[in-house]
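Working notes for the structure below.
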Amino acid sequence: MQTANILLSLAGEHGNTVPMFDVTPAEVAVLNVIHGNDSVKEIEPLKDIKRSHSVELERLQRRYGKPQTDGRGNPVSMLFPGAAARVFERFDELNIPEDFFKAEKRVSAGGKSRKVKAEEPTTANTASEDTEDDDGIEEMGAFG
């Protein structure tokens with residue numbers, strides 16, 4: 001079974017995201033039911049793990065098995081009905097559009113592409129504390 005790191009848009013709001021780590025394809029399917037079909041972005045496939053369908057189903061029921069607040073019922077049971085249900089094992093089974101996966105290259109304004117490094121910041125604001133302006137107020141020491 002594949003795993004991945006993802007970025008989840010809570011309630012489908014792309015301005016309200018949280019990272020999630022080591023999620024499975026079945027978990028992504030459940031998250032899409034709960035938060036909306038385009039709520040899972042920046043999918044970065046990782047290693048494969050050994051986990052049976054029944055163990056994964058039990059894990060998902062413990063984590064996401066409560067009925068939805070909008071009355072739609074239990075999202076896990078809706079997707080995977082029955083005690084011996086088969087869950088998704090690979091991300092390609094979900095037919096997720098390619099642009100939902102994490103980009104491996106960036107294109108510059110000049111049109112040249114380059115490989116993205118894992119530690120590369122994703123925002124334009126990369127100012128560090130060293131460039132912070134002095135406000136003229138002396139730092140306070142420890143009390144004691």
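Ordering of the structure tokens sets the chain letters (A, B, ...), residue numbers begin anew at 1 in every chain, and ligands are numbered from 1 in the order given.
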
Hey, which bits of region 47-111 of chain A sit within 8 Å of region 29-42 of chain A, and for each residue what's the closest pair of atoms and how far apart in Å (one decimal), counting only C-alpha atoms, rows by chain and increasing number, as CSV?
residue,atom,partner,partner_atom,distance
A:Tyr64,CA,A:Val30,CA,7.7
A:Gln68,CA,A:Ile34,CA,7.5
A:Pro75,CA,A:Val30,CA,6.2
A:Val76,CA,A:Val30,CA,6.2
A:Leu79,CA,A:Val30,CA,7.3
A:Leu94,CA,A:Ala29,CA,7.4
A:Phe100,CA,A:Lys41,CA,4.7
A:Phe101,CA,A:Glu42,CA,4.8
A:Lys102,CA,A:Glu42,CA,4.1
A:Ala103,CA,A:Glu42,CA,7.5

Please report the interatomic distance between CA of Lys66 (chain A) and CA of Ala4 (chain A) in Å with one decimal.
23.8 Å

List the spatial neighbours of Val18 (chain A) as a VMD selection string - criterion: any atom at most 9 Å away, only C-alpha atoms, same-chain residues fewer than 2 positions off excluded.
chain A and resid 6 to 10 16 20

With C-alpha atoms retained, could you export that selection as a short mmCIF file (atom, residue, chain, number, x, y, z; two decimals), in the first residue's frame?
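part12.cif, written as the output of this step:
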data_model
loop_
_atom_site.label_atom_id
_atom_site.label_comp_id
_atom_site.auth_asym_id
_atom_site.auth_seq_id
_atom_site.Cartn_x
_atom_site.Cartn_y
_atom_site.Cartn_z
CA ILE A 6 -0.27 15.77 1.39
CA LEU A 7 -1.64 19.24 1.91
CA LEU A 8 -5.30 19.18 2.99
CA SER A 9 -7.65 22.13 2.42
CA LEU A 10 -10.02 22.02 5.38
CA ASN A 16 -6.99 27.00 5.28
CA MET A 20 -0.66 15.45 6.66
#

Can you pull out the residues contacting Glu89 (chain A)? Cut-off 12 Å, using only C-alpha atoms, and skip same-chain residues under 2 positions away; I want them as a ChimeraX atom specification.
/A:1-4,23-29,48-53,56-57,86-87,91-94

Mind dumping the selected residues with N, CA and C atoms as an mmCIF file, in the first residue's frame?
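Final file, out-v2.cif:
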data_model
loop_
_atom_site.group_PDB
_atom_site.id
_atom_site.type_symbol
_atom_site.label_atom_id
_atom_site.label_comp_id
_atom_site.auth_asym_id
_atom_site.auth_seq_id
_atom_site.Cartn_x
_atom_site.Cartn_y
_atom_site.Cartn_z
ATOM 1 N N MET A 1 0.842 -1.170 0.000
ATOM 2 C CA MET A 1 0.000 0.000 0.000
ATOM 3 C C MET A 1 0.890 1.237 0.000
ATOM 4 N N GLN A 2 0.564 2.190 -0.893
ATOM 5 C CA GLN A 2 1.361 3.410 -0.977
ATOM 6 C C GLN A 2 1.043 4.349 0.185
ATOM 7 N N THR A 3 1.999 5.227 0.478
ATOM 8 C CA THR A 3 1.777 6.319 1.412
ATOM 9 C C THR A 3 2.243 7.608 0.751
ATOM 10 N N ALA A 4 1.808 8.731 1.311
ATOM 11 C CA ALA A 4 2.200 10.031 0.759
ATOM 12 C C ALA A 4 2.062 11.105 1.824
ATOM 13 N N VAL A 23 -0.168 9.387 4.656
ATOM 14 C CA VAL A 23 -1.553 9.019 4.398
ATOM 15 C C VAL A 23 -1.591 7.971 3.293
ATOM 16 N N THR A 24 -2.629 7.181 3.292
ATOM 17 C CA THR A 24 -2.794 6.128 2.295
ATOM 18 C C THR A 24 -3.799 6.588 1.234
ATOM 19 N N PRO A 25 -3.855 5.896 0.095
ATOM 20 C CA PRO A 25 -4.853 6.252 -0.919
ATOM 21 C C PRO A 25 -6.285 6.159 -0.383
ATOM 22 N N ALA A 26 -6.564 5.160 0.449
ATOM 23 C CA ALA A 26 -7.905 5.035 1.027
ATOM 24 C C ALA A 26 -8.222 6.231 1.917
ATOM 25 N N GLU A 27 -7.231 6.711 2.649
ATOM 26 C CA GLU A 27 -7.427 7.873 3.509
ATOM 27 C C GLU A 27 -7.677 9.123 2.668
ATOM 28 N N VAL A 28 -6.991 9.267 1.547
ATOM 29 C CA VAL A 28 -7.221 10.395 0.651
ATOM 30 C C VAL A 28 -8.662 10.358 0.135
ATOM 31 N N ALA A 29 -9.156 9.181 -0.206
ATOM 32 C CA ALA A 29 -10.538 9.055 -0.670
ATOM 33 C C ALA A 29 -11.513 9.508 0.419
ATOM 34 N N ASP A 48 6.126 2.367 0.063
ATOM 35 C CA ASP A 48 5.033 1.417 0.218
ATOM 36 C C ASP A 48 5.137 0.780 1.594
ATOM 37 N N ILE A 49 3.985 0.479 2.175
ATOM 38 C CA ILE A 49 3.952 -0.207 3.468
ATOM 39 C C ILE A 49 3.131 -1.481 3.323
ATOM 40 N N LYS A 50 3.339 -2.402 4.248
ATOM 41 C CA LYS A 50 2.536 -3.622 4.270
ATOM 42 C C LYS A 50 1.415 -3.420 5.279
ATOM 43 N N ARG A 51 0.181 -3.394 4.776
ATOM 44 C CA ARG A 51 -0.988 -3.253 5.642
ATOM 45 C C ARG A 51 -2.145 -3.934 4.938
ATOM 46 N N SER A 52 -2.843 -4.783 5.635
ATOM 47 C CA SER A 52 -3.971 -5.483 5.028
ATOM 48 C C SER A 52 -5.167 -4.544 4.889
ATOM 49 N N HIS A 53 -6.107 -4.950 4.044
ATOM 50 C CA HIS A 53 -7.309 -4.152 3.831
ATOM 51 C C HIS A 53 -8.102 -4.014 5.133
ATOM 52 N N GLU A 56 -6.367 -1.527 7.528
ATOM 53 C CA GLU A 56 -6.548 -0.159 7.050
ATOM 54 C C GLU A 56 -7.982 0.306 7.260
ATOM 55 N N LEU A 57 -8.932 -0.550 6.986
ATOM 56 C CA LEU A 57 -10.337 -0.209 7.177
ATOM 57 C C LEU A 57 -10.637 0.086 8.651
ATOM 58 N N ARG A 86 -12.642 -3.986 0.214
ATOM 59 C CA ARG A 86 -11.317 -3.734 -0.334
ATOM 60 C C ARG A 86 -11.116 -2.225 -0.374
ATOM 61 N N VAL A 87 -9.981 -1.753 0.140
ATOM 62 C CA VAL A 87 -9.678 -0.322 0.136
ATOM 63 C C VAL A 87 -8.678 -0.029 -0.984
ATOM 64 N N PHE A 91 -2.316 5.203 -5.476
ATOM 65 C CA PHE A 91 -2.896 6.499 -5.802
ATOM 66 C C PHE A 91 -3.462 6.542 -7.214
ATOM 67 N N ASP A 92 -2.921 5.750 -8.120
ATOM 68 C CA ASP A 92 -3.464 5.757 -9.483
ATOM 69 C C ASP A 92 -4.871 5.167 -9.544
ATOM 70 N N GLU A 93 -5.281 4.409 -8.527
ATOM 71 C CA GLU A 93 -6.648 3.887 -8.473
ATOM 72 C C GLU A 93 -7.680 4.993 -8.248
ATOM 73 N N LEU A 94 -7.241 6.129 -7.720
ATOM 74 C CA LEU A 94 -8.151 7.226 -7.398
ATOM 75 C C LEU A 94 -8.420 8.153 -8.585
#

Grab the CA of Pro19 (chain A) to CA of Glu104 (chain A) distance for me, in Å with one decimal place.
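About the pair CA of Pro19 (chain A) and CA of Glu104 (chain A): they are 17.8 Å apart.
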
Quick one: distance from CA of Gln61 (chain A) to CA of Asn74 (chain A) in Å, one decimal?
8.6 Å

Please extract the residues of region 12-109 of chain A with a backbone DSSP assignment of helix (DSSP H, G or I) and present them as a ChimeraX atom specification.
/A:12,25-35,53-64,75-79,91-94,98-100
